[in-house]
Amino acid sequence: MCSTCGCGHAETRIETHSHDAATHHHHTHQHSDAHDARRLQIEQDILGRNNAYAEENRRYFRQHGIFALNLVSAPGAGKTALLTATIDALKPHCAIGVIEGDQQTRRDADRIRETGAGVIQINTGKGCHLDAHMVGHAVAELQPADDSVLMIENVGNLVCPAMFDLGEAHKVVILSVAEGEDKPLKYPDMFYAADVMLINKIDLLPYVEFDVQQCIAYAREVNAGIRIIQLSATRGNNLGEWTEWIKQGLKQRRVA
Amino acid sequence: MHELSLLEDVLQILEENAESQGYRRVKRIWLEIGQLSCVEPEALRFAFDAVMKDTLADRAALEIVEQPGQGECAGCHRTVPVESLYAPCPQCGHYEVQITEGMAMRVKQLEVE
């Protein structure tokens, strides 16, 4: 059982912070004879609990000058490669912490750890997304430095993570040119929720059928104001535009 | 799959209100689901019985109230119906439509005893 909030998520594992099996919603069924049925107006947001945790995270990030980004993509778009390249480029300028979300294994966290950045792995088990509550615990474990960048790598999934606010400053959606250029139309919720779209693996453009301009047009149909950066994480093409954007975001949040 | 975790949150709302509102059983639940939200009503229905089994809402009926999408067009400044996040304004064809309704996911009403 979690000591800070009494939670007990069965499948979720945060490094050095294991939750016991859930028992919190197995209640004894009670039959009622004497009471009449009545109606109650509730009007409660289903995501209210997640959003409250997200606001707590956001407040914490603001107080500590932490620039938090929620990285979302389909599996294989290059999130982890982007992270390691970004960390290498930003390391001389600022502290960087990483929260890694995957259903299973610590493989991604191990890749990040090699860069020297602080990292916490969350395994969601059967879960298909990170939620604000898990991230709050991971932040407590990670203890990111004041005035640092926090990169939250969400579970590889273009659907569910769209609706869960983690308290981040921005959602960043990554799409690689090895995918279809119509993904913004096929998965509009995510492209609507994101503030930035990275088109990754542009070094592969000569070898694939991917219409960059069409992809950008589709993304703007869903989200007219989305910022778009084309880059290659592994070759380093145009990585500077992305890291400059992060540096600017961090500068605006500094508390020191 | 996020429908499952949303229903876990619904259950938590039911349990919290059971204490404050003094009921022991939930017989019927009205959920308001926006047509532009990321929730598929059929997936909700599919998972509902399984999540509510052996809880205070065991065998409760689920009513889904769909909330239609609506937005303000940045091109013609009219309030227009919105069918999808990528649909242009039906009045002027402009793509920048600020969604004002249709994203809701809300526990609206309960029948309890």
# chains A, B, ... in the order shown; residues from 1 in each chain; ligands from 1
>>> interface_residues(of="chain B", to="chain A", cutoff="6 Å", atoms="only C-alpha atoms", output="MDAnalysis selection string")
chainID B and resid 2 10 55 85:86 95:96 105:113
>>> select_by_dssp(residues="segment 17-224 of chain A", states="strand (DSSP E)", output="PyMOL selection string")
chain A and resi 17-18+38-45+67-73+96-102+118-123+149-153+170-176+196-200
>>> write_last_selection(atoms="C-alpha atoms", output="PDB file, in the first residue's frame")
ATOM      1  CA  HIS A  17       8.190   1.888  -5.051  1.00  0.00           C
ATOM      2  CA  SER A  18       5.996  -1.164  -5.495  1.00  0.00           C
ATOM      3  CA  ARG A  38     -33.887   7.956  -5.440  1.00  0.00           C
ATOM      4  CA  ARG A  39     -32.066  10.019  -8.002  1.00  0.00           C
ATOM      5  CA  LEU A  40     -28.986  12.100  -7.376  1.00  0.00           C
ATOM      6  CA  GLN A  41     -27.521  14.767  -9.624  1.00  0.00           C
ATOM      7  CA  ILE A  42     -23.774  14.185  -9.481  1.00  0.00           C
ATOM      8  CA  GLU A  43     -22.199  16.101 -12.388  1.00  0.00           C
ATOM      9  CA  GLN A  44     -18.662  14.908 -11.648  1.00  0.00           C
ATOM     10  CA  ASP A  45     -15.901  14.814 -14.230  1.00  0.00           C
ATOM     11  CA  PHE A  67       9.973  22.392 -17.555  1.00  0.00           C
ATOM     12  CA  ALA A  68       8.027  19.141 -17.978  1.00  0.00           C
ATOM     13  CA  LEU A  69       7.309  17.603 -21.383  1.00  0.00           C
ATOM     14  CA  ASN A  70       5.036  14.628 -22.020  1.00  0.00           C
ATOM     15  CA  LEU A  71       6.392  12.722 -25.035  1.00  0.00           C
ATOM     16  CA  VAL A  72       3.826  10.627 -26.845  1.00  0.00           C
ATOM     17  CA  SER A  73       3.988   8.540 -30.025  1.00  0.00           C
ATOM     18  CA  ILE A  96      17.589  16.728 -17.100  1.00  0.00           C
ATOM     19  CA  GLY A  97      15.435  14.094 -15.466  1.00  0.00           C
ATOM     20  CA  VAL A  98      13.485  11.370 -17.240  1.00  0.00           C
ATOM     21  CA  ILE A  99      10.407   9.365 -16.339  1.00  0.00           C
ATOM     22  CA  GLU A 100      10.126   6.311 -18.576  1.00  0.00           C
ATOM     23  CA  GLY A 101       6.753   4.694 -19.099  1.00  0.00           C
ATOM     24  CA  ASP A 102       6.478   1.215 -20.591  1.00  0.00           C
ATOM     25  CA  GLY A 118      18.471  10.752 -13.639  1.00  0.00           C
ATOM     26  CA  VAL A 119      15.742   8.306 -14.635  1.00  0.00           C
ATOM     27  CA  ILE A 120      12.807   6.474 -13.070  1.00  0.00           C
ATOM     28  CA  GLN A 121      11.039   3.671 -14.896  1.00  0.00           C
ATOM     29  CA  ILE A 122       7.303   3.200 -14.484  1.00  0.00           C
ATOM     30  CA  ASN A 123       5.958  -0.149 -15.660  1.00  0.00           C
ATOM     31  CA  VAL A 149      14.005  19.751 -17.769  1.00  0.00           C
ATOM     32  CA  LEU A 150      11.789  16.754 -17.037  1.00  0.00           C
ATOM     33  CA  MET A 151      11.035  14.491 -19.982  1.00  0.00           C
ATOM     34  CA  ILE A 152       8.176  12.068 -19.424  1.00  0.00           C
ATOM     35  CA  GLU A 153       8.220   9.304 -22.020  1.00  0.00           C
ATOM     36  CA  HIS A 170       3.346  20.591 -23.210  1.00  0.00           C
ATOM     37  CA  LYS A 171       2.464  17.329 -24.872  1.00  0.00           C
ATOM     38  CA  VAL A 172       4.909  16.609 -27.673  1.00  0.00           C
ATOM     39  CA  VAL A 173       3.794  14.076 -30.274  1.00  0.00           C
ATOM     40  CA  ILE A 174       6.455  12.307 -32.317  1.00  0.00           C
ATOM     41  CA  LEU A 175       5.738  10.863 -35.716  1.00  0.00           C
ATOM     42  CA  SER A 176       8.419   9.190 -37.819  1.00  0.00           C
ATOM     43  CA  VAL A 196       4.303  20.315 -30.675  1.00  0.00           C
ATOM     44  CA  MET A 197       4.716  17.681 -33.387  1.00  0.00           C
ATOM     45  CA  LEU A 198       8.157  16.319 -34.148  1.00  0.00           C
ATOM     46  CA  ILE A 199       8.578  14.636 -37.512  1.00  0.00           C
ATOM     47  CA  ASN A 200      11.445  12.249 -36.769  1.00  0.00           C
TER      48      ASN A 200
END
>>> select_by_dssp(residues="segment 77-230 of chain A", states="alpha helix (DSSP H)", output="PyMOL selection string")
chain A and resi 79-90+107-113+132-142+183-186+188-193+212-222
>>> write_last_selection(atoms="N, CA and C atoms", output="short mmCIF file (atom, residue, chain, number, x, y, z; two decimals), in the first residue's frame")
data_model
loop_
_atom_site.label_atom_id
_atom_site.label_comp_id
_atom_site.auth_asym_id
_atom_site.auth_seq_id
_atom_site.Cartn_x
_atom_site.Cartn_y
_atom_site.Cartn_z
N LYS A 79 11.09 7.65 -29.72
CA LYS A 79 11.06 8.48 -28.51
C LYS A 79 12.35 8.33 -27.70
N THR A 80 12.79 7.09 -27.51
CA THR A 80 13.95 6.90 -26.64
C THR A 80 15.23 7.40 -27.30
N ALA A 81 15.34 7.18 -28.61
CA ALA A 81 16.50 7.71 -29.33
C ALA A 81 16.49 9.24 -29.29
N LEU A 82 15.31 9.81 -29.41
CA LEU A 82 15.19 11.27 -29.33
C LEU A 82 15.64 11.76 -27.95
N LEU A 83 15.22 11.02 -26.93
CA LEU A 83 15.58 11.40 -25.57
C LEU A 83 17.08 11.38 -25.36
N THR A 84 17.73 10.29 -25.79
CA THR A 84 19.17 10.20 -25.54
C THR A 84 19.91 11.31 -26.31
N ALA A 85 19.47 11.58 -27.54
CA ALA A 85 20.12 12.63 -28.33
C ALA A 85 19.87 14.00 -27.68
N THR A 86 18.66 14.21 -27.17
CA THR A 86 18.32 15.49 -26.55
C THR A 86 19.13 15.70 -25.28
N ILE A 87 19.25 14.62 -24.50
CA ILE A 87 20.00 14.72 -23.24
C ILE A 87 21.46 15.07 -23.54
N ASP A 88 22.04 14.37 -24.55
CA ASP A 88 23.43 14.65 -24.90
C ASP A 88 23.62 16.11 -25.29
N ALA A 89 22.64 16.64 -26.05
CA ALA A 89 22.77 18.02 -26.51
C ALA A 89 22.54 19.04 -25.39
N LEU A 90 21.67 18.71 -24.45
CA LEU A 90 21.30 19.68 -23.41
C LEU A 90 22.16 19.58 -22.15
N ARG A 107 14.31 -1.64 -19.96
CA ARG A 107 15.29 -1.48 -21.04
C ARG A 107 15.50 -0.01 -21.40
N ASP A 108 14.36 0.73 -21.50
CA ASP A 108 14.49 2.13 -21.89
C ASP A 108 15.19 2.94 -20.81
N ALA A 109 14.86 2.66 -19.56
CA ALA A 109 15.51 3.39 -18.47
C ALA A 109 17.01 3.13 -18.49
N ASP A 110 17.39 1.89 -18.82
CA ASP A 110 18.81 1.57 -18.88
C ASP A 110 19.51 2.36 -19.98
N ARG A 111 18.80 2.51 -21.12
CA ARG A 111 19.38 3.30 -22.22
C ARG A 111 19.58 4.75 -21.79
N ILE A 112 18.60 5.29 -21.06
CA ILE A 112 18.69 6.67 -20.61
C ILE A 112 19.79 6.82 -19.56
N ARG A 113 19.89 5.84 -18.68
CA ARG A 113 20.86 5.93 -17.58
C ARG A 113 22.27 6.04 -18.12
N ALA A 132 -1.57 10.89 -13.97
CA ALA A 132 -0.92 11.93 -13.17
C ALA A 132 -0.50 11.41 -11.80
N HIS A 133 -1.24 10.44 -11.30
CA HIS A 133 -0.93 9.88 -10.00
C HIS A 133 0.39 9.12 -10.02
N MET A 134 0.58 8.27 -11.06
CA MET A 134 1.85 7.55 -11.20
C MET A 134 3.01 8.53 -11.34
N VAL A 135 2.78 9.57 -12.13
CA VAL A 135 3.86 10.53 -12.38
C VAL A 135 4.22 11.28 -11.10
N GLY A 136 3.21 11.59 -10.28
CA GLY A 136 3.47 12.24 -8.99
C GLY A 136 4.40 11.40 -8.13
N HIS A 137 4.14 10.10 -8.09
CA HIS A 137 5.01 9.20 -7.32
C HIS A 137 6.41 9.13 -7.92
N ALA A 138 6.45 9.05 -9.25
CA ALA A 138 7.76 8.95 -9.91
C ALA A 138 8.58 10.21 -9.65
N VAL A 139 7.92 11.36 -9.64
CA VAL A 139 8.63 12.62 -9.38
C VAL A 139 9.18 12.61 -7.95
N ALA A 140 8.39 12.09 -7.01
CA ALA A 140 8.84 12.02 -5.63
C ALA A 140 10.08 11.14 -5.50
N GLU A 141 10.13 10.07 -6.31
CA GLU A 141 11.30 9.18 -6.29
C GLU A 141 12.50 9.81 -6.99
N LEU A 142 12.21 10.47 -8.10
CA LEU A 142 13.29 11.00 -8.95
C LEU A 142 13.93 12.23 -8.32
N LYS A 183 -1.37 9.94 -40.17
CA LYS A 183 -1.62 9.63 -38.75
C LYS A 183 -2.35 10.73 -38.01
N PRO A 184 -2.07 12.03 -38.31
CA PRO A 184 -2.83 13.07 -37.58
C PRO A 184 -4.34 12.94 -37.79
N LEU A 185 -4.76 12.44 -38.95
CA LEU A 185 -6.20 12.27 -39.17
C LEU A 185 -6.71 10.98 -38.55
N LYS A 186 -5.84 9.96 -38.54
CA LYS A 186 -6.28 8.67 -38.00
C LYS A 186 -6.36 8.69 -36.48
N PRO A 188 -6.71 11.66 -34.32
CA PRO A 188 -6.80 13.12 -34.15
C PRO A 188 -6.73 13.58 -32.69
N ASP A 189 -7.20 12.74 -31.76
CA ASP A 189 -7.22 13.18 -30.36
C ASP A 189 -5.82 13.58 -29.89
N MET A 190 -4.85 12.75 -30.25
CA MET A 190 -3.49 13.02 -29.79
C MET A 190 -2.92 14.28 -30.44
N PHE A 191 -3.17 14.46 -31.73
CA PHE A 191 -2.61 15.63 -32.42
C PHE A 191 -3.35 16.91 -32.00
N TYR A 192 -4.58 16.73 -31.56
CA TYR A 192 -5.34 17.87 -31.03
C TYR A 192 -4.78 18.27 -29.66
N ALA A 193 -4.41 17.26 -28.85
CA ALA A 193 -3.96 17.52 -27.48
C ALA A 193 -2.53 18.05 -27.43
N VAL A 212 5.87 14.99 -46.54
CA VAL A 212 6.00 15.84 -45.36
C VAL A 212 4.97 16.97 -45.38
N GLN A 213 4.83 17.64 -46.53
CA GLN A 213 3.90 18.78 -46.59
C GLN A 213 2.46 18.33 -46.34
N GLN A 214 2.12 17.16 -46.88
CA GLN A 214 0.78 16.63 -46.65
C GLN A 214 0.56 16.31 -45.17
N CYS A 215 1.58 15.75 -44.54
CA CYS A 215 1.51 15.43 -43.11
C CYS A 215 1.28 16.71 -42.29
N ILE A 216 2.03 17.76 -42.64
CA ILE A 216 1.89 19.03 -41.92
C ILE A 216 0.48 19.60 -42.14
N ALA A 217 -0.03 19.49 -43.36
CA ALA A 217 -1.38 19.99 -43.65
C ALA A 217 -2.42 19.23 -42.83
N TYR A 218 -2.28 17.92 -42.75
CA TYR A 218 -3.22 17.12 -41.96
C TYR A 218 -3.16 17.53 -40.48
N ALA A 219 -1.94 17.68 -39.98
CA ALA A 219 -1.79 18.04 -38.56
C ALA A 219 -2.46 19.38 -38.28
N ARG A 220 -2.34 20.33 -39.22
CA ARG A 220 -2.94 21.65 -39.01
C ARG A 220 -4.46 21.62 -39.17
N GLU A 221 -4.97 20.64 -39.90
CA GLU A 221 -6.43 20.50 -39.96
C GLU A 221 -6.99 20.14 -38.58
N VAL A 222 -6.23 19.32 -37.85
CA VAL A 222 -6.68 18.91 -36.52
C VAL A 222 -6.35 19.98 -35.49
#
>>> closest_residue(among="B:Glu3, B:Asp54, B:Val65, B:Ser37", to="Arg25 of chain B", atoms="only C-alpha atoms")
B:Asp54
